[in-house]
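Written below as structure tokens is the structure these notes are about.
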Amino acid sequence: MNFTIFWDLAVILLATKLLGMLMRKLGLPQVVGAVIAGLLIGPAIWGRFGWAPVNPTESEAQFLDGIAEIGVVLILFSAGLETDVRELKRSGLAATMIAGAGVVVPMAFGFLIAVPFLGGFSALSDQTVLLDAVFVGVILAATSVGITVETLKEMGKLNGRVGTTILSAAIIDDVIGIVVLSVVIGFKDPSANPWVTILMTLAFFAAAIVVGFFIKKLFKYLSEKYDHTRRIPILGLVVCFIYAFAAEKWFGIADITGAYVAGIVLSSLRDTHYIDRKVDINSYMIFSPVFFANIGISASFDGFTVSLLLFGLLFVAAGIAGKIVGCGAVARLCRHSWRESAQIGCGMIARGEVALVVCKKGIEGGLFAGTAIDPVMPVIMLVIISSLLCPIFLKLLFKNDKGLPLSAGGGPLPEPLPQTETKATV
């Protein structure tokens with residue numbers, strides 16, 4: 001065994017934690033710090049000097065990739081556990097329509113800005129080029145509302161009409177985005193029939209729901225008999241990994257889709273928060289930092305040209321404009337005021353871990369192989385810039401709003417109770 005891997009892990013964990021703490025001080029998501037840490041310690045910057053703090057060999061890179069893969073599965077499993085299915089049902093048609101626009105419009109913008117860099121519209125007759133262009137749009141569909149939630153909490157607007165709409169729409173459009181990613185990756189296989197890919201995706205969700213019904217019954221029984229014991233989160237991880245395996249192996253869709261659905265299956269249990277807390281500990285201690293840092297470590301500036309820089313800038317602009325235009329316009333159609341529509345649109349622009357996950361999974365699935373565009377650096381640019389702009393836009397748009405958010409009955413909402421526990425950060 002090559003013991004250098006222990007040095008790599010030590011440097012990764014230290015760098016991601018320090019940069020994460022710095023980003024938190026600056027009011028940015030810690031995931032931004034983790035990705036930047038990967039860039040700073042990896043060969044992308046130091047490789048030209050013949051040495052880097054972390055410069056893994058092929059076998060070490062495979063080991064880190066394995067840890068990162070577990071990390072991304074745990075991230076999506078945790079996201080599923082945190083999904084409030086009852087809130088999704090209550091949010092109704094408006095949030096669903098806003099979420100749909102938050103997927104369709106950025107996908108369309110991403111597709112259009114990618115086409116010129118992939119050979120023009122005439123090149124779309126090649127299915128590989130067509131899927132690469134669609135994939136650019138799929139990356140832009142993801143929304144990460146962690147920073148939005150923190151900003152709205154700070155302003156006392158999280159429980160208001162706008163805050164609830166943003167949160168619900170973001171959850172729905174992440175579900176749609178992950179499903180679309182699975183379909184696109186399935187189409188990448190030249191021997192795959194597109195209709196079979198779609199049918200297999202639907203079959204997975206049908207099977208997941210049926211099996212999930214019995215799993216929930218089992219977990220309810222175990223929760224009543226063995227409340228808050230370690231066997232509950234361990235069995236939760238078993239469900240997560242089985243769903244991830246089944247999705248990839250038997251149904252040909254992304255393992256992260258299986259992990260996310262597993263989280264949703266267990267999201268309404270009495271022990272859900274206990275499971276999530278234990279999973280989160282496992283995740284943020286090693287797996288998640290390695291995943292995010294590995295994105296930066298794997299990045300390279302060797303092919304960074306003026307053309308790629310232009311693509312990156314257009315990619316960022318399309319990502320931000322797509323959410324504002326798509327979500328904002330539909331919010332206005334759903335009888336939100338112009339100001340509220342702008343608030344909802346700007347609240348949806350933040351990108352984070354989901355965009356990074358989608359990018360990495362797409363590349364692993366064979367997308368963008370052999371093209372002149374490397375989407376990793378543009379995605380990192382989008383995560384950083386959108387994370388900076390989102391709180392600035394929201395604070396400006398909420399600047400003149402007075403008073404507490406209103407409840408459904410028209411009166412002010414009660415002050416939230418103090419939190420006894422906070423979720424651990426990267």
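The way I read the labels, and the way they are meant: chains A, B, ... in the order of the structure tokens, residue 1 as the first residue of every chain, and ligand 1 as the first ligand shown, with later ones counted on from there.
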
Give me, as a list in words, all polymer residues having an atom no more than 7 Å from Ala141 of chain A, counting only C-alpha atoms and skipping those fewer than 2 positions away in the same chain. Gly102, Val103, Pro106, Met107, Gly137, Val138, Ile139, Thr143 and Gly177 of chain A

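For the pair atom CA of Leu76 of chain A and atom CA of Asp173 of chain A, the interatomic distance is 14.0 Å.
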
Would you please extract all helix (DSSP H, G or I) residues from segment 90-199 of chain A, as assigned by DSSP on the backbone, and give them as an MDAnalysis selection string? chainID A and resid 90:118 121:125 127:141 146:155 161:188 194:199

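The residue that comes closest to Asp280 of chain A, out of A:Gly362, A:Gly71, A:Gly66, A:Pro43 and on the basis of only C-alpha atoms, is A:Gly71.
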
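Using only C-alpha atoms, the contacts of segment 380-383 of chain A at a cut-off of 7 Å, with sequence neighbours closer than 4 positions omitted, comprise A:Val316, A:Arg351, A:Gly352, A:Val376, A:Ser387.
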
In Å and to one decimal, atom CA of Gln127 of chain A is distant from atom CA of Ala369 of chain A by 13.0 Å

Rows by chain and residue number, segment 130-236 of chain A within 12 Å of segment 241-248 of chain A, shortest pair, only C-alpha atoms, as a tab-separated table:
residue	atom	partner	partner_atom	distance
A:Val179	CA	A:Ala247	CA	11.4
A:Ser182	CA	A:Glu248	CA	9.4
A:Val183	CA	A:Glu248	CA	11.9
A:Ile185	CA	A:Glu248	CA	10.8
A:Gly186	CA	A:Glu248	CA	10.1
A:Met200	CA	A:Ala247	CA	9.4
A:Thr201	CA	A:Ala247	CA	8.6
A:Leu202	CA	A:Ala247	CA	11.2
A:Ala203	CA	A:Ala247	CA	10.1
A:Phe204	CA	A:Ala247	CA	6.8
A:Phe205	CA	A:Ala247	CA	9.3
A:Ala206	CA	A:Ala247	CA	11.8
A:Ala207	CA	A:Ala247	CA	10.2
A:Ala208	CA	A:Tyr243	CA	7.8
A:Ile209	CA	A:Tyr243	CA	11.2
A:Val211	CA	A:Tyr243	CA	10.1
A:Gly212	CA	A:Tyr243	CA	9.9
A:Ile215	CA	A:Tyr243	CA	11.6
A:Ile234	CA	A:Phe241	CA	10.7
A:Leu235	CA	A:Phe241	CA	9.9
A:Gly236	CA	A:Phe241	CA	8.8

Could the residues in this selection be saved with C-alpha atoms as a PDB file, in the first residue's frame?
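File part.pdb, as written:
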ATOM      1  CA  VAL A 179     -33.935  12.619 -13.059  1.00  0.00           C
ATOM      2  CA  SER A 182     -30.084  10.069 -15.309  1.00  0.00           C
ATOM      3  CA  VAL A 183     -31.975  10.062 -18.614  1.00  0.00           C
ATOM      4  CA  ILE A 185     -26.512   9.611 -19.124  1.00  0.00           C
ATOM      5  CA  GLY A 186     -28.681   6.674 -20.190  1.00  0.00           C
ATOM      6  CA  MET A 200     -36.358   2.071 -16.957  1.00  0.00           C
ATOM      7  CA  THR A 201     -36.300   5.415 -15.145  1.00  0.00           C
ATOM      8  CA  LEU A 202     -40.054   5.222 -14.553  1.00  0.00           C
ATOM      9  CA  ALA A 203     -39.698   1.569 -13.523  1.00  0.00           C
ATOM     10  CA  PHE A 204     -37.078   2.508 -10.944  1.00  0.00           C
ATOM     11  CA  PHE A 205     -39.333   5.102  -9.342  1.00  0.00           C
ATOM     12  CA  ALA A 206     -42.261   2.681  -9.331  1.00  0.00           C
ATOM     13  CA  ALA A 207     -40.145  -0.047  -7.718  1.00  0.00           C
ATOM     14  CA  ALA A 208     -38.628   2.448  -5.265  1.00  0.00           C
ATOM     15  CA  ILE A 209     -42.084   3.560  -4.121  1.00  0.00           C
ATOM     16  CA  VAL A 211     -40.315  -1.247  -1.843  1.00  0.00           C
ATOM     17  CA  GLY A 212     -40.163   2.019   0.075  1.00  0.00           C
ATOM     18  CA  ILE A 215     -39.175  -0.191   4.263  1.00  0.00           C
ATOM     19  CA  ILE A 234     -26.819   1.989  10.096  1.00  0.00           C
ATOM     20  CA  LEU A 235     -29.865   0.388   8.492  1.00  0.00           C
ATOM     21  CA  GLY A 236     -30.608   3.751   6.875  1.00  0.00           C
TER      22      GLY A 236
END

Find the residues near segment 263-275 of chain A: any atom within 8 Å, counting only C-alpha atoms, skip ones fewer than 6 places away on the same chain, and give them as a ChimeraX atom specification. /A:76-85,209,212-213,215-216,219-220,223,227-228,232-233,236,240

Export of prior selection with C-alpha atoms as a PDB file, in the first residue's frame:
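Final output, out02.pdb:
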ATOM      1  CA  LEU A  76     -27.743  13.209  -1.955  1.00  0.00           C
ATOM      2  CA  PHE A  77     -29.052  10.769   0.681  1.00  0.00           C
ATOM      3  CA  SER A  78     -28.919  13.565   3.268  1.00  0.00           C
ATOM      4  CA  ALA A  79     -30.672  15.926   0.841  1.00  0.00           C
ATOM      5  CA  GLY A  80     -33.452  13.364   0.453  1.00  0.00           C
ATOM      6  CA  LEU A  81     -33.764  12.976   4.236  1.00  0.00           C
ATOM      7  CA  GLU A  82     -34.164  16.748   4.557  1.00  0.00           C
ATOM      8  CA  THR A  83     -36.902  16.891   1.906  1.00  0.00           C
ATOM      9  CA  ASP A  84     -40.233  17.712   3.524  1.00  0.00           C
ATOM     10  CA  VAL A  85     -42.715  15.742   1.408  1.00  0.00           C
ATOM     11  CA  ILE A 209     -42.084   3.560  -4.121  1.00  0.00           C
ATOM     12  CA  GLY A 212     -40.163   2.019   0.075  1.00  0.00           C
ATOM     13  CA  PHE A 213     -43.650   1.411   1.481  1.00  0.00           C
ATOM     14  CA  ILE A 215     -39.175  -0.191   4.263  1.00  0.00           C
ATOM     15  CA  LYS A 216     -41.062   2.622   5.997  1.00  0.00           C
ATOM     16  CA  PHE A 219     -38.388   1.447  10.135  1.00  0.00           C
ATOM     17  CA  LYS A 220     -41.477   2.610  12.020  1.00  0.00           C
ATOM     18  CA  SER A 223     -38.108   3.194  15.717  1.00  0.00           C
ATOM     19  CA  ASP A 227     -35.715   4.461  19.506  1.00  0.00           C
ATOM     20  CA  HIS A 228     -32.497   6.433  18.828  1.00  0.00           C
ATOM     21  CA  ILE A 232     -31.400   2.770  12.933  1.00  0.00           C
ATOM     22  CA  PRO A 233     -28.916   5.036  11.043  1.00  0.00           C
ATOM     23  CA  GLY A 236     -30.608   3.751   6.875  1.00  0.00           C
ATOM     24  CA  CYS A 240     -29.138   4.216   0.819  1.00  0.00           C
TER      25      CYS A 240
END

Using only C-alpha atoms, the shortest atom-to-atom distance to Arg335 of chain A among A:Leu394, A:Val162, A:Val358, A:Val105 belongs to A:Val162

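Near Val32 of chain A, within 9 Å and counting only C-alpha atoms, sit Leu19, Gly20, Met23, Leu28, Pro29, Gln30, Ala34, Val35, Ile36, Ala37, Phe292, Gly352, Glu353, Ile380, Val383, Ile384 and Ser387 of chain A; same-chain residues fewer than 2 positions away were not included.
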
Excluding Leu13 of chain A and residues on its chain fewer than 6 positions from it, collect all residues at most 10 Å away from it, counting only C-alpha atoms, and give them as JSON, numbers by chain. {"A": [34, 37, 284, 285, 286, 287, 288, 289, 290, 293, 426]}

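Closest approach to Ser283 of chain A from the set A:Leu237, A:Trp7, A:Ser59, A:Ser341 is made by A:Leu237, with distances taken over only C-alpha atoms.
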
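Using only C-alpha atoms, the shortest contact distance between Gly312 of chain A and any of A:Leu131, A:Leu9, A:Val136, A:Ile178 is found at A:Val136.
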
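If only C-alpha atoms are the atoms counted, then among A:Gly33, A:Ala254, A:Arg332, A:Asp302 the closest residue to Met21 of chain A is A:Gly33.
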
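Each of A:Ile392, A:Leu309, A:Ala133, A:Leu64 was checked against Leu118 of chain A using only C-alpha atoms; the smallest atom-to-atom distance is that of A:Ala133.
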
Separation of atom CA of Met97 of chain A from atom CA of Asp276 of chain A, in Å and rounded to one decimal: 29.0 Å
